[in-house]
file target.txt (compact mmCIF, C-alpha atoms (C1' of nucleotides))
# COMPACT_ATOMS: atom_id res chain seq x y z
CA MET A 851 -11.12 -1.57 -18.71
CA GLU A 852 -11.43 -4.33 -16.20
CA ASN A 853 -11.29 -4.47 -12.46
CA THR A 854 -7.69 -5.41 -12.13
CA LEU A 855 -6.54 -2.58 -14.40
CA ILE A 856 -8.53 -0.06 -12.36
CA GLU A 857 -6.91 -1.35 -9.20
CA LYS A 858 -3.45 -1.45 -10.77
CA GLN A 859 -3.65 2.12 -12.03
CA LEU A 860 -5.11 3.41 -8.78
CA LYS A 861 -2.36 1.70 -6.80
CA ALA A 862 0.27 3.10 -9.17
CA ALA A 863 -1.07 6.62 -8.71
CA ALA A 864 -1.62 6.36 -4.95
CA ASP A 865 1.79 7.49 -3.84
CA LEU A 866 2.97 11.04 -3.30
CA ASN A 867 6.30 10.55 -5.06
CA ARG A 868 4.61 9.01 -8.08
CA ILE A 869 2.05 11.82 -8.12
CA LYS A 870 4.98 14.23 -8.38
CA LEU A 871 6.50 12.17 -11.19
CA LEU A 872 3.24 12.33 -13.11
CA ALA A 873 2.97 16.07 -12.51
CA CYS A 874 6.50 16.50 -13.85
CA MET A 875 5.56 14.70 -17.05
CA LYS A 876 2.47 16.74 -17.80
CA ASN A 877 4.41 19.03 -20.12
CA GLY A 878 6.34 16.35 -21.91
CA GLU A 879 9.29 14.08 -21.52
CA VAL A 880 11.48 14.12 -18.45
CA CYS A 881 14.87 12.55 -17.95
CA VAL A 882 15.39 10.18 -15.02
CA CYS A 883 18.23 12.26 -13.62
CA ASP A 884 15.89 15.24 -13.24
CA PHE A 885 13.41 13.17 -11.27
CA VAL A 886 16.12 12.33 -8.75
CA ASP A 887 16.61 16.02 -7.98
CA VAL A 888 12.89 16.69 -7.78
CA LEU A 889 12.03 13.90 -5.35
CA GLY A 890 15.17 13.89 -3.25
CA ILE A 891 15.32 10.11 -3.17
CA SER A 892 17.93 7.76 -4.61
CA GLN A 893 18.18 6.94 -8.31
CA PRO A 894 17.18 3.29 -7.85
CA ALA A 895 14.10 4.40 -5.92
CA VAL A 896 13.10 6.63 -8.84
CA SER A 897 13.67 3.77 -11.27
CA GLN A 898 11.38 1.54 -9.25
CA HIS A 899 8.63 4.16 -9.15
CA LEU A 900 8.88 4.65 -12.90
CA ARG A 901 8.68 0.91 -13.47
CA LYS A 902 5.49 0.73 -11.45
CA LEU A 903 3.93 3.52 -13.49
CA LYS A 904 5.07 1.84 -16.70
CA GLU A 905 3.65 -1.53 -15.70
CA ALA A 906 0.31 0.14 -15.08
CA GLY A 907 0.38 1.44 -18.65
CA ILE A 908 0.50 5.07 -17.56
CA ILE A 909 3.90 6.09 -18.89
CA THR A 910 6.28 5.01 -21.60
CA GLU A 911 9.98 5.50 -22.25
CA ARG A 912 12.43 6.46 -24.95
CA LYS A 913 16.13 5.88 -24.91
CA VAL A 914 18.40 8.80 -25.81
CA GLY A 915 21.98 7.66 -25.63
CA THR A 916 22.68 6.67 -22.07
CA TRP A 917 19.73 8.71 -20.88
CA LYS A 918 16.16 7.58 -20.70
CA HIS A 919 13.22 9.89 -21.15
CA TYR A 920 9.82 9.09 -19.71
CA ARG A 921 6.47 10.53 -20.70
CA LEU A 922 2.76 9.92 -20.26
CA VAL A 923 1.29 7.53 -22.83
CA GLU A 924 -0.92 9.15 -25.44
CA ASN A 925 -4.08 7.13 -24.92
CA GLN A 926 -4.82 7.26 -21.24
CA THR A 927 -7.74 5.30 -19.84
CA PRO A 928 -10.72 7.44 -18.80
CA LEU A 929 -9.77 6.73 -15.20
CA MET A 930 -6.25 8.07 -15.65
CA LYS A 931 -7.45 11.04 -17.68
CA GLY A 932 -9.51 12.12 -14.71
CA ILE A 933 -6.76 11.52 -12.19
CA LEU A 934 -4.12 13.29 -14.28
CA GLU A 935 -6.38 16.26 -14.71
CA GLN A 936 -6.67 16.66 -10.95
CA ILE A 937 -2.99 16.04 -10.32
CA GLU A 938 -2.07 18.75 -12.79
CA LEU A 939 -4.26 21.23 -10.97
CA ILE A 940 -2.50 20.72 -7.67
CA GLN A 941 1.01 19.45 -7.95
CA GLU A 942 3.30 22.16 -9.26
CA CYS A 943 5.90 20.75 -11.61
CA ASP A 944 9.28 21.92 -10.43
CA CYS A 945 11.39 19.80 -12.72
CA SER A 946 14.64 21.63 -12.97
CA SER A 947 15.72 20.08 -16.28
CA ASP A 948 19.28 21.07 -15.58
CA CYS A 949 20.38 17.79 -17.09
CA GLU A 950 22.41 18.31 -20.23
CA CYS A 951 20.38 15.65 -21.98
CA THR A 952 17.41 17.99 -22.34
CA HIS A 953 16.02 18.19 -25.84
CA ILE A 954 18.72 16.04 -27.39
CA GLY A 955 17.44 13.68 -30.03
CA GLU A 956 13.81 14.68 -29.79
CA GLU A 957 13.27 14.23 -33.52
CA ASN A 958 13.61 10.42 -33.32
CA MET B 672 -8.00 19.99 -2.83
CA GLU B 673 -4.46 19.59 -1.71
CA ASN B 674 -1.79 17.04 -2.31
CA THR B 675 -2.38 15.02 0.79
CA LEU B 676 -6.10 14.71 0.11
CA ILE B 677 -5.41 13.47 -3.41
CA GLU B 678 -3.06 10.87 -2.06
CA LYS B 679 -5.42 9.90 0.75
CA GLN B 680 -8.36 9.42 -1.58
CA LEU B 681 -6.31 7.54 -4.15
CA LYS B 682 -4.98 5.23 -1.46
CA ALA B 683 -8.48 4.71 -0.10
CA ALA B 684 -9.78 3.76 -3.55
CA ALA B 685 -6.79 1.62 -4.53
CA ASP B 686 -8.00 -1.67 -3.14
CA LEU B 687 -10.22 -4.21 -4.83
CA ASN B 688 -12.41 -4.79 -1.80
CA ARG B 689 -12.96 -1.08 -1.30
CA ILE B 690 -13.70 -0.68 -5.00
CA LYS B 691 -16.45 -3.25 -4.52
CA LEU B 692 -17.75 -1.40 -1.48
CA LEU B 693 -17.94 1.82 -3.48
CA ALA B 694 -19.71 0.01 -6.33
CA CYS B 695 -22.23 -1.36 -3.86
CA MET B 696 -23.02 2.13 -2.62
CA LYS B 697 -23.59 3.65 -6.02
CA ASN B 698 -27.33 3.12 -5.74
CA GLY B 699 -27.68 4.30 -2.19
CA GLU B 700 -27.15 3.19 1.36
CA VAL B 701 -25.87 -0.24 2.23
CA CYS B 702 -25.86 -1.98 5.57
CA VAL B 703 -22.56 -3.31 6.95
CA CYS B 704 -23.94 -6.83 7.26
CA ASP B 705 -24.58 -6.92 3.51
CA PHE B 706 -21.00 -5.95 2.76
CA VAL B 707 -19.76 -8.94 4.72
CA ASP B 708 -21.66 -11.28 2.41
CA VAL B 709 -20.51 -9.47 -0.72
CA LEU B 710 -16.79 -9.46 0.07
CA GLY B 711 -16.49 -12.78 1.85
CA ILE B 712 -14.20 -11.34 4.52
CA SER B 713 -14.79 -10.93 8.24
CA GLN B 714 -16.99 -8.22 9.73
CA PRO B 715 -14.05 -6.42 11.40
CA ALA B 716 -12.22 -6.35 8.07
CA VAL B 717 -15.25 -4.69 6.46
CA SER B 718 -15.43 -2.19 9.31
CA GLN B 719 -11.80 -1.27 8.77
CA HIS B 720 -12.29 -0.77 5.03
CA LEU B 721 -15.29 1.44 5.67
CA ARG B 722 -13.35 3.50 8.17
CA LYS B 723 -10.62 4.10 5.63
CA LEU B 724 -13.15 5.29 3.06
CA LYS B 725 -14.79 7.49 5.68
CA GLU B 726 -11.51 9.05 6.77
CA ALA B 727 -10.82 9.94 3.16
CA GLY B 728 -14.13 11.80 3.08
CA ILE B 729 -15.60 9.49 0.46
CA ILE B 730 -18.46 7.94 2.42
CA THR B 731 -20.59 8.81 5.39
CA GLU B 732 -22.73 6.83 7.79
CA ARG B 733 -26.13 6.80 9.42
CA LYS B 734 -27.16 4.82 12.41
CA VAL B 735 -30.39 2.85 12.22
CA GLY B 736 -30.95 1.04 15.49
CA THR B 737 -28.11 -1.38 15.92
CA TRP B 738 -27.38 -1.27 12.22
CA LYS B 739 -25.25 1.22 10.43
CA HIS B 740 -25.87 2.32 6.86
CA TYR B 741 -23.08 3.70 4.74
CA ARG B 742 -23.39 5.80 1.60
CA LEU B 743 -21.30 7.99 -0.69
CA VAL B 744 -21.08 11.61 0.43
CA GLU B 745 -23.04 14.06 -1.70
CA ASN B 746 -20.25 16.43 -2.65
CA GLN B 747 -17.47 14.31 -4.01
CA THR B 748 -14.19 15.92 -5.01
CA PRO B 749 -13.62 16.11 -8.77
CA LEU B 750 -11.04 13.37 -8.36
CA MET B 751 -13.50 11.02 -6.71
CA LYS B 752 -16.25 11.90 -9.16
CA GLY B 753 -14.05 10.65 -11.96
CA ILE B 754 -12.97 7.53 -10.14
CA LEU B 755 -16.51 6.64 -9.05
CA GLU B 756 -17.73 7.08 -12.60
CA GLN B 757 -15.23 4.51 -13.84
CA ILE B 758 -15.84 2.13 -10.97
CA GLU B 759 -19.54 2.17 -11.68
CA LEU B 760 -18.96 1.20 -15.29
CA ILE B 761 -17.04 -1.92 -14.38
CA GLN B 762 -17.81 -3.30 -10.99
CA GLU B 763 -21.23 -4.92 -10.93
CA CYS B 764 -23.01 -4.29 -7.66
CA ASP B 765 -24.14 -7.63 -6.31
CA CYS B 766 -25.24 -6.44 -2.91
CA SER B 767 -27.77 -8.99 -1.79
CA SER B 768 -29.54 -6.70 0.70
CA ASP B 769 -31.05 -9.72 2.38
CA CYS B 770 -30.54 -8.00 5.69
CA GLU B 771 -33.82 -7.26 7.42
CA CYS B 772 -32.61 -3.76 8.17
CA THR B 773 -33.17 -2.68 4.59
CA HIS B 774 -35.22 0.48 4.21
CA ILE B 775 -36.02 0.78 7.89
CA GLY B 776 -35.95 4.33 9.13
CA GLU B 777 -35.00 5.95 5.86
CA GLU B 778 -37.13 9.01 6.54
CA ASN B 779 -34.77 10.28 9.28
C1' DA C 1011 -30.92 -6.22 34.82
C1' DT C 1012 -29.54 -9.70 31.39
C1' DA C 1013 -28.98 -11.44 26.99
C1' DA C 1014 -28.54 -11.13 22.11
C1' DA C 1015 -27.35 -8.75 17.83
C1' DA C 1016 -24.72 -5.38 15.00
C1' DT C 1017 -20.79 -2.91 14.74
C1' DA C 1018 -16.21 -1.00 16.27
C1' DT C 1019 -11.73 -1.29 18.27
C1' DA C 1020 -7.44 -3.76 19.72
C1' DA C 1021 -3.77 -6.93 19.17
C1' DG C 1022 -1.10 -9.90 16.40
C1' DC C 1023 0.73 -11.61 12.07
C1' DA C 1024 1.95 -12.34 7.16
C1' DA C 1025 2.36 -10.04 2.83
C1' DA C 1026 3.23 -5.93 0.20
C1' DC C 1027 5.69 -1.60 -0.17
C1' DA C 1028 9.23 1.93 -0.45
C1' DA C 1029 13.53 3.04 0.70
C1' DT C 1030 18.61 1.97 0.88
C1' DT C 1031 23.26 0.04 -0.66
C1' DA C 1032 25.57 -2.86 -3.82
C1' DT C 1033 25.96 -4.65 -8.32
C1' DA C 1034 24.84 -5.25 -13.32
C1' DT C 1035 23.95 -3.46 -17.87
C1' DA C 1036 24.39 -0.42 -21.76
C1' DA C 1037 26.10 3.50 -24.32
C1' DG C 1038 29.63 7.09 -25.32
C1' DA C 1039 34.48 8.95 -24.83
C1' DG C 1040 39.31 8.37 -25.01
C1' DC D 1231 39.59 -2.23 -24.78
C1' DT D 1232 38.93 0.56 -20.63
C1' DC D 1233 36.74 4.25 -18.10
C1' DT D 1234 32.87 6.96 -17.13
C1' DT D 1235 28.00 8.04 -17.05
C1' DA D 1236 23.06 6.92 -16.84
C1' DT D 1237 19.94 3.66 -15.65
C1' DA D 1238 18.19 -0.92 -14.06
C1' DT D 1239 18.12 -4.89 -11.11
C1' DA D 1240 19.06 -7.47 -6.77
C1' DA D 1241 19.27 -7.99 -1.97
C1' DT D 1242 18.09 -6.17 2.44
C1' DT D 1243 15.44 -3.63 5.85
C1' DG D 1244 11.91 -0.92 8.18
C1' DT D 1245 7.09 0.48 7.57
C1' DT D 1246 2.48 -0.03 6.09
C1' DT D 1247 -1.40 -2.76 4.92
C1' DG D 1248 -5.09 -6.15 5.24
C1' DC D 1249 -6.50 -9.89 7.38
C1' DT D 1250 -7.62 -12.70 11.57
C1' DT D 1251 -9.32 -13.58 16.41
C1' DA D 1252 -10.62 -11.57 20.68
C1' DT D 1253 -12.87 -7.98 23.14
C1' DA D 1254 -15.58 -3.66 23.76
C1' DT D 1255 -19.55 -0.78 22.75
C1' DT D 1256 -24.22 0.22 21.69
C1' DT D 1257 -28.93 -0.81 20.96
C1' DT D 1258 -33.02 -3.69 21.32
C1' DA D 1259 -35.70 -7.34 23.36
C1' DT D 1260 -37.06 -10.08 27.34
call {"tool": "encode", "arguments": {"input": "target.txt", "output": "structure tokens"}}
result
Amino acid sequence: MENTLIEKQLKAAADLNRIKLLACMKNGEVCVCDFVDVLGISQPAVSQHLRKLKEAGIITERKVGTWKHYRLVENQTPLMKGILEQIELIQECDCSSDCECTHIGEEN
Amino acid sequence: MENTLIEKQLKAAADLNRIKLLACMKNGEVCVCDFVDVLGISQPAVSQHLRKLKEAGIITERKVGTWKHYRLVENQTPLMKGILEQIELIQECDCSSDCECTHIGEEN
DNA sequence: ATAAAATATAAGCAAACAATTATATAAGAG
DNA sequence: CTCTTATATAATTGTTTGCTTATATTTTAT
């Protein structure tokens, strides 16, 4: 894990909205539409946050029909393991999951 | 440790120059003048970085004559403990410490 | 008291960031 | 094929950040 990756992951995590996104994903996949409700910002804004987390290697995605589910990658760096641990302790996940996509196609 | 503190500390750590500052302090106090040499930026820029780290509760200071020595606080948050651990593994500390202030007045 | 040295603060500016609205893409339904 | 739905990308804008230069503050030396 080099310098630039440390900086990239720290920058990706250093935003309250993205902290909430990460907290939402601690228990598994979350659909983009749910994130919009949770954060109260526009859908494109959520997409841009997710892209930043993805580019830092923190999350990954899975397409389910027209929906897209995001989740934490399996092998987190030691840095992110530590950060995620602390985020989980604080930020309550209030993902409503009222999207009808929930749990569709999870066996793929 | 609340949300805002997590965000504040992450933001404070999410900068390559400040990562280097933290790495420099891993072995103890460092004088501001040494940081200027290490980072290759102006003295006011270093001062501003140090202030940001201080306001996030990550470092503290001690005045020694006209010099000022900065060091990591003793009781780091769990979040910062994890981050500092990873920073130490990567970022080589090349603090020259050619400042004549070194080790003056350390018994205070 | 004056001058010099180390650091901090202020002001200004360019680059990066996070939001928005508008538009494009991709998949499913009819 | 067309319409709708979910998401992504593009363009724009206001805010924040990190640097610079200039100035202020504080301490020591003369």
call {"tool": "atom_distance", "arguments": {"input": "target.txt", "atom1": "C1' of DT1260 in chain D", "atom2": "CA of Thr737 in chain B"}}
result
16.9 Å
call {"tool": "interface_residues", "arguments": {"input": "target.txt", "of": "chain C", "to": "chain A", "cutoff": "12 Å", "atoms": "only C-alpha atoms (C1' of nucleotides)", "output": "list of chain:residue names"}}
result
C:DA1026, C:DC1027, C:DA1028, C:DA1029, C:DT1030, C:DT1031, C:DA1032, C:DT1033, C:DT1035, C:DA1036, C:DA1037, C:DG1038
call {"tool": "axis_aligned_box", "arguments": {"input": "target.txt", "around": "range 1234-1244 of chain D", "padding_each_side": "4 Å", "output": "AutoDock Vina command-line options"}}
result
--center_x 22.4 --center_y 0.0 --center_z -4.5 --size_x 29.0 --size_y 24.0 --size_z 33.3
call {"tool": "atom_distance", "arguments": {"input": "target.txt", "atom1": "CA of Thr748 in chain B", "atom2": "CA of Leu693 in chain B"}}
result
14.7 Å
call {"tool": "closest_residue", "arguments": {"input": "target.txt", "among": "B:Val703, B:Val717, B:Leu755, B:Leu750", "to": "chain A", "atoms": "all atoms listed in the file"}}
result
B:Leu750
call {"tool": "closest_residue", "arguments": {"input": "target.txt", "among": "B:Lys734, B:Lys691, B:Arg742, B:Lys725", "to": "chain D", "atoms": "only C-alpha atoms (C1' of nucleotides)"}}
result
B:Lys734
call {"tool": "atom_distance", "arguments": {"input": "target.txt", "atom1": "CA of Thr675 in chain B", "atom2": "CA of Ile908 in chain A"}}
result
21.1 Å
call {"tool": "residues_near_point", "arguments": {"input": "target.txt", "point": "(23.8, -6.6, -11.0)", "cutoff": "7 Å", "atoms": "all atoms listed in the file", "output": "ChimeraX atom specification"}}
result
/C:1033-1034 /D:1239-1240
call {"tool": "closest_atom_pairs", "arguments": {"input": "target.txt", "of": "chain A", "to": "chain B", "cutoff": "12 Å", "atoms": "all atoms listed in the file", "output": "JSON lines"}}
result
{"residue": "A:Met851", "atom": "CA", "partner": "B:Ile761", "partner_atom": "CA", "distance": 7.3}
{"residue": "A:Glu852", "atom": "CA", "partner": "B:Ile761", "partner_atom": "CA", "distance": 6.4}
{"residue": "A:Asn853", "atom": "CA", "partner": "B:Ile761", "partner_atom": "CA", "distance": 6.6}
{"residue": "A:Thr854", "atom": "CA", "partner": "B:Leu687", "partner_atom": "CA", "distance": 7.8}
{"residue": "A:Leu855", "atom": "CA", "partner": "B:Leu687", "partner_atom": "CA", "distance": 10.4}
{"residue": "A:Ile856", "atom": "CA", "partner": "B:Ile758", "partner_atom": "CA", "distance": 7.8}
{"residue": "A:Glu857", "atom": "CA", "partner": "B:Ala685", "partner_atom": "CA", "distance": 5.5}
{"residue": "A:Lys858", "atom": "CA", "partner": "B:Ala685", "partner_atom": "CA", "distance": 7.7}
{"residue": "A:Gln859", "atom": "CA", "partner": "B:Ala685", "partner_atom": "CA", "distance": 8.1}
{"residue": "A:Leu860", "atom": "CA", "partner": "B:Ala685", "partner_atom": "CA", "distance": 4.9}
{"residue": "A:Lys861", "atom": "CA", "partner": "B:Ala685", "partner_atom": "CA", "distance": 5.0}
{"residue": "A:Ala862", "atom": "CA", "partner": "B:Ala685", "partner_atom": "CA", "distance": 8.6}
{"residue": "A:Ala863", "atom": "CA", "partner": "B:Leu681", "partner_atom": "CA", "distance": 7.0}
{"residue": "A:Ala864", "atom": "CA", "partner": "B:Leu681", "partner_atom": "CA", "distance": 4.9}
{"residue": "A:Asp865", "atom": "CA", "partner": "B:Glu678", "partner_atom": "CA", "distance": 6.2}
{"residue": "A:Leu866", "atom": "CA", "partner": "B:Glu678", "partner_atom": "CA", "distance": 6.2}
{"residue": "A:Asn867", "atom": "CA", "partner": "B:Glu678", "partner_atom": "CA", "distance": 9.8}
{"residue": "A:Arg868", "atom": "CA", "partner": "B:Glu678", "partner_atom": "CA", "distance": 9.9}
{"residue": "A:Ile869", "atom": "CA", "partner": "B:Glu678", "partner_atom": "CA", "distance": 8.0}
{"residue": "A:Lys870", "atom": "CA", "partner": "B:Asn674", "partner_atom": "CA", "distance": 9.5}
{"residue": "A:Ala873", "atom": "CA", "partner": "B:Asn674", "partner_atom": "CA", "distance": 11.3}
{"residue": "A:Thr927", "atom": "CA", "partner": "B:Gln757", "partner_atom": "CA", "distance": 9.6}
{"residue": "A:Pro928", "atom": "CA", "partner": "B:Gln757", "partner_atom": "CA", "distance": 7.3}
{"residue": "A:Leu929", "atom": "CA", "partner": "B:Ile754", "partner_atom": "CA", "distance": 6.0}
{"residue": "A:Met930", "atom": "CA", "partner": "B:Ile754", "partner_atom": "CA", "distance": 8.7}
{"residue": "A:Lys931", "atom": "CA", "partner": "B:Gly753", "partner_atom": "CA", "distance": 8.7}
{"residue": "A:Gly932", "atom": "CA", "partner": "B:Gly753", "partner_atom": "CA", "distance": 5.5}
{"residue": "A:Ile933", "atom": "CA", "partner": "B:Leu750", "partner_atom": "CA", "distance": 6.0}
{"residue": "A:Leu934", "atom": "CA", "partner": "B:Leu750", "partner_atom": "CA", "distance": 9.1}
{"residue": "A:Glu935", "atom": "CA", "partner": "B:Leu750", "partner_atom": "CA", "distance": 8.4}
{"residue": "A:Gln936", "atom": "CA", "partner": "B:Leu750", "partner_atom": "CA", "distance": 6.1}
{"residue": "A:Ile937", "atom": "CA", "partner": "B:Ile677", "partner_atom": "CA", "distance": 7.8}
{"residue": "A:Glu938", "atom": "CA", "partner": "B:Asn674", "partner_atom": "CA", "distance": 10.6}
{"residue": "A:Leu939", "atom": "CA", "partner": "B:Met672", "partner_atom": "CA", "distance": 9.0}
{"residue": "A:Ile940", "atom": "CA", "partner": "B:Glu673", "partner_atom": "CA", "distance": 6.4}
{"residue": "A:Gln941", "atom": "CA", "partner": "B:Asn674", "partner_atom": "CA", "distance": 6.7}
{"residue": "A:Glu942", "atom": "CA", "partner": "B:Asn674", "partner_atom": "CA", "distance": 10.0}
call {"tool": "interface_residues", "arguments": {"input": "target.txt", "of": "chain D", "to": "chain B", "cutoff": "8 Å", "atoms": "all atoms listed in the file", "output": "list in words"}}
result
DG1248, DC1249, DT1256, DT1257 and DT1258 of chain D
call {"tool": "build_atoms", "arguments": {"input": "target.txt", "residues": "range 889-907 of chain A", "atoms": "N, CA and C atoms", "output": "mmCIF file, in the frame of the given file"}}
result
data_model
loop_
_atom_site.group_PDB
_atom_site.id
_atom_site.type_symbol
_atom_site.label_atom_id
_atom_site.label_comp_id
_atom_site.auth_asym_id
_atom_site.auth_seq_id
_atom_site.Cartn_x
_atom_site.Cartn_y
_atom_site.Cartn_z
ATOM 1 N N LEU A 889 12.596 14.671 -6.465
ATOM 2 C CA LEU A 889 12.030 13.900 -5.350
ATOM 3 C C LEU A 889 12.957 13.822 -4.139
ATOM 4 N N GLY A 890 14.247 13.991 -4.373
ATOM 5 C CA GLY A 890 15.170 13.890 -3.250
ATOM 6 C C GLY A 890 15.306 12.483 -2.707
ATOM 7 N N ILE A 891 15.067 11.495 -3.561
ATOM 8 C CA ILE A 891 15.320 10.110 -3.170
ATOM 9 C C ILE A 891 16.385 9.541 -4.106
ATOM 10 N N SER A 892 16.835 8.331 -3.834
ATOM 11 C CA SER A 892 17.930 7.760 -4.610
ATOM 12 C C SER A 892 17.493 7.420 -6.035
ATOM 13 N N GLN A 893 18.470 7.265 -6.913
ATOM 14 C CA GLN A 893 18.180 6.940 -8.310
ATOM 15 C C GLN A 893 17.473 5.593 -8.449
ATOM 16 N N PRO A 894 17.914 4.549 -7.746
ATOM 17 C CA PRO A 894 17.180 3.290 -7.850
ATOM 18 C C PRO A 894 15.722 3.412 -7.399
ATOM 19 N N ALA A 895 15.482 4.213 -6.386
ATOM 20 C CA ALA A 895 14.100 4.400 -5.920
ATOM 21 C C ALA A 895 13.255 5.016 -7.028
ATOM 22 N N VAL A 896 13.828 6.013 -7.726
ATOM 23 C CA VAL A 896 13.100 6.630 -8.840
ATOM 24 C C VAL A 896 12.826 5.595 -9.918
ATOM 25 N N SER A 897 13.826 4.803 -10.247
ATOM 26 C CA SER A 897 13.670 3.770 -11.270
ATOM 27 C C SER A 897 12.525 2.825 -10.926
ATOM 28 N N GLN A 898 12.435 2.476 -9.674
ATOM 29 C CA GLN A 898 11.380 1.540 -9.250
ATOM 30 C C GLN A 898 10.002 2.175 -9.345
ATOM 31 N N HIS A 899 9.917 3.466 -9.006
ATOM 32 C CA HIS A 899 8.630 4.160 -9.150
ATOM 33 C C HIS A 899 8.227 4.218 -10.618
ATOM 34 N N LEU A 900 9.194 4.545 -11.478
ATOM 35 C CA LEU A 900 8.880 4.650 -12.900
ATOM 36 C C LEU A 900 8.440 3.296 -13.457
ATOM 37 N N ARG A 901 9.067 2.234 -12.998
ATOM 38 C CA ARG A 901 8.680 0.910 -13.470
ATOM 39 C C ARG A 901 7.231 0.601 -13.092
ATOM 40 N N LYS A 902 6.859 0.997 -11.881
ATOM 41 C CA LYS A 902 5.490 0.730 -11.450
ATOM 42 C C LYS A 902 4.473 1.489 -12.313
ATOM 43 N N LEU A 903 4.809 2.730 -12.625
ATOM 44 C CA LEU A 903 3.930 3.520 -13.490
ATOM 45 C C LEU A 903 3.864 2.923 -14.891
ATOM 46 N N LYS A 904 5.009 2.430 -15.363
ATOM 47 C CA LYS A 904 5.070 1.840 -16.700
ATOM 48 C C LYS A 904 4.255 0.550 -16.754
ATOM 49 N N GLU A 905 4.370 -0.260 -15.722
ATOM 50 C CA GLU A 905 3.650 -1.530 -15.700
ATOM 51 C C GLU A 905 2.141 -1.329 -15.610
ATOM 52 N N ALA A 906 1.743 -0.170 -15.128
ATOM 53 C CA ALA A 906 0.310 0.140 -15.080
ATOM 54 C C ALA A 906 -0.160 0.766 -16.383
ATOM 55 N N GLY A 907 0.748 0.891 -17.345
ATOM 56 C CA GLY A 907 0.380 1.440 -18.650
ATOM 57 C C GLY A 907 0.169 2.931 -18.655
#
